[in-house]
>>> print(open('data-v1.cif').read())   # mmCIF, C-alpha atoms
data_work
loop_
_atom_site.label_atom_id
_atom_site.label_comp_id
_atom_site.auth_asym_id
_atom_site.auth_seq_id
_atom_site.Cartn_x
_atom_site.Cartn_y
_atom_site.Cartn_z
CA MET I 556 -12.59 9.64 -10.16
CA THR I 557 -14.33 7.03 -8.02
CA PRO I 558 -12.36 6.59 -4.78
CA ARG I 559 -10.59 3.25 -4.46
CA PRO I 560 -11.19 1.37 -1.17
CA ALA I 561 -8.09 1.36 1.03
CA ALA I 562 -7.01 0.58 4.58
CA THR I 563 -4.31 1.94 6.85
CA VAL I 564 -3.25 0.91 10.35
CA MET I 565 -2.03 2.94 13.30
CA LEU I 566 0.26 0.37 14.91
CA VAL I 567 0.90 1.52 18.48
CA ARG I 568 2.90 0.62 21.57
CA PRO I 569 3.57 2.34 24.93
CA ARG I 570 6.45 4.78 25.25
CA PRO I 571 9.40 3.53 27.36
CA THR I 572 8.42 5.69 30.34
CA PRO I 573 5.22 4.32 31.94
CA GLY I 574 2.29 6.68 31.50
CA ALA I 575 4.14 8.85 29.00
CA GLY I 576 1.78 8.09 26.15
CA VAL I 577 2.05 6.12 22.93
CA GLU I 578 4.38 5.63 20.00
CA VAL I 579 3.14 4.84 16.51
CA PHE I 580 4.96 3.19 13.60
CA MET I 581 5.32 5.33 10.48
CA LEU I 582 6.87 5.06 7.03
CA ARG I 583 8.32 7.73 4.78
CA ARG I 584 7.08 6.98 1.28
CA ALA I 585 9.59 6.87 -1.55
CA ARG I 586 9.83 9.96 -3.75
CA THR I 587 9.06 7.76 -6.76
CA MET I 588 5.57 6.90 -5.51
CA ALA I 589 2.73 8.27 -7.66
CA PHE I 590 0.59 9.02 -4.60
CA ALA I 591 1.93 11.02 -1.62
CA PRO I 592 5.65 10.85 -2.44
CA ASP I 593 8.08 11.66 0.42
CA VAL I 594 5.19 11.83 2.90
CA LEU I 595 5.07 10.26 6.37
CA VAL I 596 2.24 7.72 6.57
CA PHE I 597 0.98 4.74 8.52
CA PRO I 598 1.33 1.34 6.79
CA GLY I 599 -1.52 0.70 4.40
CA GLY I 600 -2.72 0.56 0.83
CA GLY I 601 -5.50 -0.29 -1.56
CA VAL I 602 -7.85 -3.24 -1.20
CA ASP I 603 -6.92 -6.16 -3.44
CA ALA I 604 -9.76 -8.02 -5.17
CA ARG I 605 -8.79 -11.23 -3.32
CA ASP I 606 -8.99 -9.54 0.10
CA ALA I 607 -12.79 -9.85 0.11
CA GLY I 608 -12.75 -13.61 -0.46
CA VAL I 609 -14.71 -15.88 1.88
CA ASP I 610 -11.71 -18.23 2.06
CA VAL I 611 -9.80 -16.07 4.56
CA PRO I 612 -9.34 -18.03 7.84
CA TRP I 613 -11.14 -15.71 10.25
CA ALA I 614 -11.27 -15.21 14.04
CA GLY I 615 -12.78 -12.39 16.07
CA PRO I 616 -15.85 -10.29 15.26
CA ASP I 617 -17.68 -11.83 12.31
CA PRO I 618 -17.93 -10.06 8.93
CA ASP I 619 -21.51 -8.96 9.66
CA THR I 620 -20.30 -7.13 12.77
CA TRP I 621 -17.49 -5.52 10.83
CA ALA I 622 -19.94 -4.45 8.13
CA ALA I 623 -21.98 -2.65 10.79
CA TRP I 624 -18.89 -1.02 12.27
CA LEU I 625 -17.59 0.10 8.86
CA ASP I 626 -21.02 1.07 7.50
CA CYS I 627 -20.69 -1.03 4.35
CA ASP I 628 -21.74 -4.39 2.96
CA VAL I 629 -20.15 -7.63 4.16
CA ALA I 630 -17.90 -8.13 1.13
CA ALA I 631 -16.53 -4.60 1.42
CA ALA I 632 -15.96 -5.09 5.16
CA ARG I 633 -14.06 -8.30 4.53
CA GLY I 634 -11.91 -6.53 1.98
CA LEU I 635 -11.03 -3.63 4.28
CA VAL I 636 -10.20 -5.79 7.30
CA VAL I 637 -8.08 -8.23 5.31
CA ALA I 638 -6.36 -5.39 3.43
CA ALA I 639 -5.43 -3.77 6.75
CA ALA I 640 -3.81 -6.96 8.05
CA ARG I 641 -2.17 -7.78 4.72
CA GLU I 642 -0.67 -4.31 4.28
CA VAL I 643 0.77 -4.34 7.81
CA PHE I 644 2.39 -7.69 7.02
CA GLU I 645 3.69 -6.55 3.62
CA GLU I 646 4.98 -3.13 4.65
CA CYS I 647 6.35 -3.71 8.14
CA GLY I 648 6.41 -7.46 8.75
CA VAL I 649 3.83 -7.49 11.56
CA LEU I 650 1.40 -10.41 11.44
CA LEU I 651 -2.00 -10.08 13.14
CA ALA I 652 -2.66 -13.81 13.06
CA GLY I 653 -2.26 -16.91 15.18
CA THR I 654 -2.83 -20.65 15.24
CA GLY I 655 -6.19 -20.09 16.93
CA PRO I 656 -8.62 -17.38 18.07
CA ARG I 657 -6.62 -16.66 21.27
CA ASP I 658 -3.09 -17.06 19.90
CA VAL I 659 -0.79 -14.60 18.12
CA ILE I 660 2.46 -15.37 16.32
CA THR I 661 5.35 -14.02 18.42
CA ASP I 662 8.48 -15.00 16.48
CA LEU I 663 8.83 -14.10 12.81
CA THR I 664 12.63 -14.45 12.57
CA ASP I 665 12.54 -17.72 10.63
CA PRO I 666 13.32 -17.01 6.93
CA VAL I 667 10.11 -18.80 5.94
CA TRP I 668 8.14 -15.74 7.04
CA ALA I 669 10.26 -13.37 4.94
CA ARG I 670 9.72 -15.55 1.89
CA ALA I 671 5.99 -15.69 2.50
CA ARG I 672 5.86 -11.94 3.00
CA ALA I 673 7.66 -11.35 -0.30
CA ALA I 674 5.25 -13.68 -2.10
CA VAL I 675 2.22 -11.85 -0.69
CA GLU I 676 3.66 -8.46 -1.58
CA ALA I 677 4.44 -9.64 -5.13
CA ARG I 678 0.83 -10.95 -5.43
CA GLU I 679 2.20 -14.45 -6.03
CA SER I 680 0.09 -15.57 -3.08
CA SER I 681 -3.09 -14.12 -1.63
CA PHE I 682 -3.22 -13.36 2.08
CA ALA I 683 -5.84 -16.12 2.47
CA GLU I 684 -3.55 -18.64 0.76
CA PHE I 685 -0.64 -17.60 2.96
CA LEU I 686 -2.67 -18.00 6.16
CA ALA I 687 -4.06 -21.37 5.12
CA ALA I 688 -0.63 -22.67 4.12
CA HIS I 689 0.66 -21.97 7.62
CA ASP I 690 -2.49 -23.09 9.48
CA LEU I 691 -3.14 -19.56 10.75
CA VAL I 692 -6.30 -17.52 11.32
CA LEU I 693 -6.63 -13.77 10.96
CA ARG I 694 -7.15 -12.20 14.40
CA THR I 695 -9.62 -9.50 13.41
CA ASP I 696 -10.22 -8.75 17.09
CA LEU I 697 -6.76 -7.14 17.20
CA LEU I 698 -8.01 -4.37 14.90
CA ARG I 699 -10.48 -1.59 15.63
CA PRO I 700 -11.92 1.00 13.20
CA HIS I 701 -11.07 4.61 14.06
CA ALA I 702 -11.77 6.88 11.10
CA ARG I 703 -12.73 7.07 7.44
CA TRP I 704 -11.29 9.63 5.03
CA ILE I 705 -12.05 10.15 1.34
CA THR I 706 -9.61 12.02 -0.91
CA PRO I 707 -11.00 15.38 -2.16
CA GLU I 708 -12.70 15.36 -5.54
CA PRO I 709 -10.12 17.46 -7.46
CA GLU I 710 -7.37 14.88 -6.82
CA PRO I 711 -6.41 12.64 -9.77
CA ARG I 712 -5.94 9.67 -7.41
CA ARG I 713 -8.68 9.18 -4.87
CA TYR I 714 -9.01 6.73 -1.98
CA ASP I 715 -11.78 5.88 0.46
CA THR I 716 -9.60 4.87 3.38
CA ALA I 717 -10.54 3.08 6.59
CA PHE I 718 -8.18 3.94 9.46
CA PHE I 719 -7.66 1.08 11.92
CA ALA I 720 -5.71 0.90 15.18
CA ALA I 721 -3.83 -2.13 16.52
CA LEU I 722 -1.42 -2.89 19.35
CA LEU I 723 1.96 -4.27 18.37
CA PRO I 724 1.79 -8.03 19.15
CA THR I 725 4.15 -9.19 21.88
CA GLY I 726 7.45 -10.46 20.48
CA GLN I 727 7.08 -8.93 17.03
CA GLN I 728 9.23 -6.08 15.71
CA PRO I 729 8.17 -4.00 12.68
CA ASP I 730 10.56 -2.94 9.95
CA GLY I 731 10.46 -0.91 6.76
CA HIS I 732 11.45 -3.61 4.26
CA THR I 733 9.13 -2.52 1.48
CA SER I 734 9.79 -0.98 -1.91
CA GLU I 735 7.24 1.76 -1.16
CA ALA I 736 9.18 3.33 1.72
CA VAL I 737 12.69 4.71 2.25
CA HIS I 738 12.55 4.92 6.03
CA ALA I 739 10.46 3.52 8.88
CA GLU I 740 10.55 4.00 12.64
CA TRP I 741 8.58 4.35 15.87
CA VAL I 742 7.72 7.99 16.44
CA VAL I 743 6.23 10.16 19.18
CA PRO I 744 3.07 11.73 17.69
CA GLY I 745 3.69 15.19 19.15
CA GLU I 746 7.22 15.29 17.78
CA VAL I 747 6.04 14.43 14.27
CA LEU I 748 3.38 17.14 14.44
CA GLU I 749 6.06 19.63 15.49
CA ALA I 750 8.27 18.50 12.60
CA ALA I 751 5.38 19.11 10.21
CA ARG I 752 4.82 22.59 11.63
CA SER I 753 8.51 23.41 11.17
CA GLY I 754 8.52 22.13 7.60
CA SER I 755 10.87 19.19 8.17
CA ALA I 756 8.14 16.59 7.63
CA THR I 757 5.18 16.34 5.28
CA LEU I 758 1.83 14.95 6.43
CA LEU I 759 -1.55 14.52 4.79
CA PRO I 760 -4.56 16.05 6.62
CA PRO I 761 -5.98 12.68 7.80
CA THR I 762 -2.59 11.78 9.27
CA ILE I 763 -2.42 15.10 11.13
CA VAL I 764 -5.82 14.48 12.73
CA ALA I 765 -4.84 10.91 13.64
CA LEU I 766 -1.56 12.06 15.18
CA GLU I 767 -3.35 14.71 17.22
CA ARG I 768 -5.58 12.00 18.69
CA LEU I 769 -2.59 9.75 19.30
CA ASP I 770 -0.76 12.62 20.98
CA ALA I 771 -3.63 12.99 23.44
CA ALA I 772 -3.67 9.27 24.28
CA THR I 773 -2.08 8.08 27.51
CA ASP I 774 -2.53 4.33 27.09
CA PRO I 775 -2.15 2.43 23.79
CA ALA I 776 -4.60 -0.34 24.73
CA ALA I 777 -7.26 2.19 25.65
CA PHE I 778 -6.63 4.09 22.42
CA VAL I 779 -7.10 0.97 20.31
CA ALA I 780 -10.22 -0.09 22.21
CA ALA I 781 -11.87 3.33 21.87
CA ARG I 782 -14.71 3.59 19.38
CA PRO I 783 -14.69 7.11 17.94
CA ALA I 784 -17.45 8.09 15.54
CA TYR I 785 -16.86 6.30 12.24
CA VAL I 786 -18.07 8.89 9.74
CA ALA I 787 -16.73 9.54 6.25
CA VAL I 788 -14.78 12.79 6.02
CA THR I 789 -14.12 14.35 2.61
CA PRO I 790 -12.08 17.57 2.74
CA GLU I 791 -13.21 20.33 0.39
CA VAL I 792 -11.04 22.85 -1.41
CA GLU I 793 -11.90 26.47 -0.62
CA VAL I 794 -10.33 29.61 -2.06
CA ASP I 795 -9.88 32.63 0.23
CA PRO I 796 -10.15 36.29 -0.92
CA GLN I 797 -6.40 36.32 -1.64
CA GLY I 798 -6.76 33.40 -4.04
CA ARG I 799 -5.09 30.91 -1.73
CA ARG I 800 -6.47 27.37 -1.66
CA HIS I 801 -7.28 25.65 1.63
CA LEU I 802 -8.65 22.26 2.60
CA THR I 803 -11.50 22.33 5.10
CA ALA I 804 -13.34 19.43 6.73
CA ARG I 805 -15.79 18.79 9.54
CA ILE I 806 -14.11 16.32 11.88
CA PRO I 807 -16.43 14.00 13.88
CA THR I 808 -15.80 13.93 17.63
#
>>> encode(input="data-v1.cif", output="structure tokens")
Amino acid sequence: MTPRPAATVMLVRPRPTPGAGVEVFMLRRARTMAFAPDVLVFPGGGVDARDAGVDVPWAGPDPDTWAAWLDCDVAAARGLVVAAAREVFEECGVLLAGTGPRDVITDLTDPVWARARAAVEARESSFAEFLAAHDLVLRTDLLRPHARWITPEPEPRRYDTAFFAALLPTGQQPDGHTSEAVHAEWVVPGEVLEAARSGSATLLPPTIVALERLDAATDPAAFVAARPAYVAVTPEVEVDPQGRRHLTARIPT
């Protein structure tokens, strides 16, 4: 299977105690989902064909810069960046957009935003159409690329996923009002890793690596601004002498 392009976003904020590290917003996927059911994930999903359109109102680094950062062509870069922002809006109601290149929406309590969000999620409106209808521009400078993971070859559903990081915009509050998730909340990365080790939570390998990096972070703004090596990682299935299967991968530092 050819991996489908996808994007996911580590939405972060500081913990209540200053200097205590970061929290990240996570969703527990519904058990009915065909891919990764009942798994804790960051908001995200596949790139829609309309995400790569040149009609997206754009602010921040230009598409050529993003193409260099993401090591792909300009159309693919557009698609990944727009998909990241669209999925965050669809899955947790956070909007990385403003009325200009230095402005960010702070209040999304008006019902008009919920209706627009539902229309985007139902594919009744593209993200570009939604932004244009509300005189908004996508603030691509609020996103930064952090990792790229490709689903192993034996999997029946494969994704080539760009991991982005973003700070929660001031005044906005994420939620889990999406049909793809049954629960959503801010979590402490180390506590989620411990839950996975104890068997009370299920995580995919890329999420484990991301949470380990988040757990080591002391400041959310510094974490988002960091530029770790953006190299594609594809785990491989290995079988040990006892016949047990393991995933192995070389993680860039």
>>> resolve_selection(input="data-v1.cif", expression="the PyMOL selection byres ((chain I and resi 596-599) around 7)", output="list of chain:residue names")
I:Ala562, I:Thr563, I:Val564, I:Met565, I:Phe580, I:Met581, I:Leu582, I:Arg583, I:Val594, I:Leu595, I:Gly600, I:Ala639, I:Glu642, I:Val643, I:Glu646, I:Thr762
>>> write_last_selection(input="data-v1.cif", atoms="C-alpha atoms", output="CSV table (one decimal), keeping the file's coordinate frame")
chain,number,residue,atom,x,y,z
I,562,ALA,CA,-7.0,0.6,4.6
I,563,THR,CA,-4.3,1.9,6.8
I,564,VAL,CA,-3.2,0.9,10.4
I,565,MET,CA,-2.0,2.9,13.3
I,580,PHE,CA,5.0,3.2,13.6
I,581,MET,CA,5.3,5.3,10.5
I,582,LEU,CA,6.9,5.1,7.0
I,583,ARG,CA,8.3,7.7,4.8
I,594,VAL,CA,5.2,11.8,2.9
I,595,LEU,CA,5.1,10.3,6.4
I,600,GLY,CA,-2.7,0.6,0.8
I,639,ALA,CA,-5.4,-3.8,6.8
I,642,GLU,CA,-0.7,-4.3,4.3
I,643,VAL,CA,0.8,-4.3,7.8
I,646,GLU,CA,5.0,-3.1,4.6
I,762,THR,CA,-2.6,11.8,9.3
>>> resolve_selection(input="data-v1.cif", expression="the PyMOL selection byres ((chain I and resi 778) around 10)", output="list of chain:residue names")
I:Val567, I:Val577, I:Arg699, I:His701, I:Ala720, I:Ala721, I:Leu722, I:Arg768, I:Leu769, I:Ala771, I:Ala772, I:Thr773, I:Asp774, I:Pro775, I:Ala776, I:Ala777, I:Val779, I:Ala780, I:Ala781, I:Arg782, I:Pro783
>>> residues_around(input="data-v1.cif", residues="Pro656 of chain I", least_positions_apart="6", cutoff="10 Å", atoms="all atoms listed in the file", output="list in words")
Trp613, Ala614, Gly615, Leu691, Val692, Leu693, Arg694, Thr695 and Asp696 of chain I
>>> closest_residue(input="data-v1.cif", among="I:Val637, I:Ile660, I:Arg703, I:Phe644", to="Ala674 of chain I", atoms="only C-alpha atoms")
I:Phe644
>>> closest_residue(input="data-v1.cif", among="I:Val611, I:Met556, I:Asp617, I:Leu766", to="Val743 of chain I", atoms="all atoms listed in the file")
I:Leu766
>>> atom_distance(input="data-v1.cif", atom1="atom CA of Thr572 of chain I", atom2="atom CA of Glu749 of chain I")
20.5 Å
>>> closest_residue(input="data-v1.cif", among="I:Pro760, I:Tyr714, I:Pro744, I:Gly574", to="His801 of chain I", atoms="all atoms listed in the file")
I:Pro760
>>> atom_distance(input="data-v1.cif", atom1="atom CA of Asp628 of chain I", atom2="atom CA of Ala702 of chain I")
17.1 Å
>>> resolve_selection(input="data-v1.cif", expression="the PyMOL selection byres ((chain I and resi 741) around 6)", output="PyMOL selection string")
chain I and resi 579-580+740+742
>>> atom_distance(input="data-v1.cif", atom1="atom CA of Arg633 of chain I", atom2="atom CA of Val649 of chain I")
19.2 Å
>>> residues_around(input="data-v1.cif", residues="Ile806 of chain I", least_positions_apart="5", cutoff="12 Å", atoms="all atoms listed in the file", output="list in words")
Ala702, Arg703, Trp704, Pro760, Pro761, Ile763, Val764, Ala765, Arg768, Pro783, Ala784, Tyr785, Val786, Ala787, Val788, Thr789 and Pro790 of chain I
>>> residues_near_point(input="data-v1.cif", point="(0.6, -12.5, 3.3)", cutoff="12 Å", atoms="all atoms listed in the file", output="compact mmCIF listing (two decimals) with C-alpha atoms, in the coordinates of the input")
# COMPACT_ATOMS: atom_id res chain seq x y z
CA ASP I 603 -6.92 -6.16 -3.44
CA ARG I 605 -8.79 -11.23 -3.32
CA ASP I 606 -8.99 -9.54 0.10
CA VAL I 611 -9.80 -16.07 4.56
CA VAL I 637 -8.08 -8.23 5.31
CA ALA I 638 -6.36 -5.39 3.43
CA ALA I 639 -5.43 -3.77 6.75
CA ALA I 640 -3.81 -6.96 8.05
CA ARG I 641 -2.17 -7.78 4.72
CA GLU I 642 -0.67 -4.31 4.28
CA VAL I 643 0.77 -4.34 7.81
CA PHE I 644 2.39 -7.69 7.02
CA GLU I 645 3.69 -6.55 3.62
CA GLU I 646 4.98 -3.13 4.65
CA CYS I 647 6.35 -3.71 8.14
CA GLY I 648 6.41 -7.46 8.75
CA VAL I 649 3.83 -7.49 11.56
CA LEU I 650 1.40 -10.41 11.44
CA LEU I 651 -2.00 -10.08 13.14
CA ALA I 652 -2.66 -13.81 13.06
CA VAL I 667 10.11 -18.80 5.94
CA TRP I 668 8.14 -15.74 7.04
CA ALA I 669 10.26 -13.37 4.94
CA ARG I 670 9.72 -15.55 1.89
CA ALA I 671 5.99 -15.69 2.50
CA ARG I 672 5.86 -11.94 3.00
CA ALA I 673 7.66 -11.35 -0.30
CA ALA I 674 5.25 -13.68 -2.10
CA VAL I 675 2.22 -11.85 -0.69
CA GLU I 676 3.66 -8.46 -1.58
CA ALA I 677 4.44 -9.64 -5.13
CA ARG I 678 0.83 -10.95 -5.43
CA GLU I 679 2.20 -14.45 -6.03
CA SER I 680 0.09 -15.57 -3.08
CA SER I 681 -3.09 -14.12 -1.63
CA PHE I 682 -3.22 -13.36 2.08
CA ALA I 683 -5.84 -16.12 2.47
CA GLU I 684 -3.55 -18.64 0.76
CA PHE I 685 -0.64 -17.60 2.96
CA LEU I 686 -2.67 -18.00 6.16
CA ALA I 687 -4.06 -21.37 5.12
CA ALA I 688 -0.63 -22.67 4.12
CA HIS I 689 0.66 -21.97 7.62
CA LEU I 691 -3.14 -19.56 10.75
CA VAL I 692 -6.30 -17.52 11.32
CA LEU I 693 -6.63 -13.77 10.96
>>> residues_near_point(input="data-v1.cif", point="(10.8, 5.6, 4.6)", cutoff="7 Å", atoms="all atoms listed in the file", output="ChimeraX atom specification")
/I:582-585,731,736-739
>>> closest_atom_pairs(input="data-v1.cif", of="segment 706-753 of chain I", to="segment 618-626 of chain I", cutoff="12 Å", atoms="all atoms listed in the file", output="tab-separated table")
residue	atom	partner	partner_atom	distance
I:Asp715	CA	I:Leu625	CA	11.7
I:Thr716	CA	I:Leu625	CA	10.8
I:Ala717	CA	I:Leu625	CA	8.0
I:Phe718	CA	I:Leu625	CA	10.2
I:Phe719	CA	I:Leu625	CA	10.4
>>> closest_residue(input="data-v1.cif", among="I:Asp730, I:Asp610, I:Asp795, I:Glu767", to="Leu748 of chain I", atoms="all atoms listed in the file")
I:Glu767
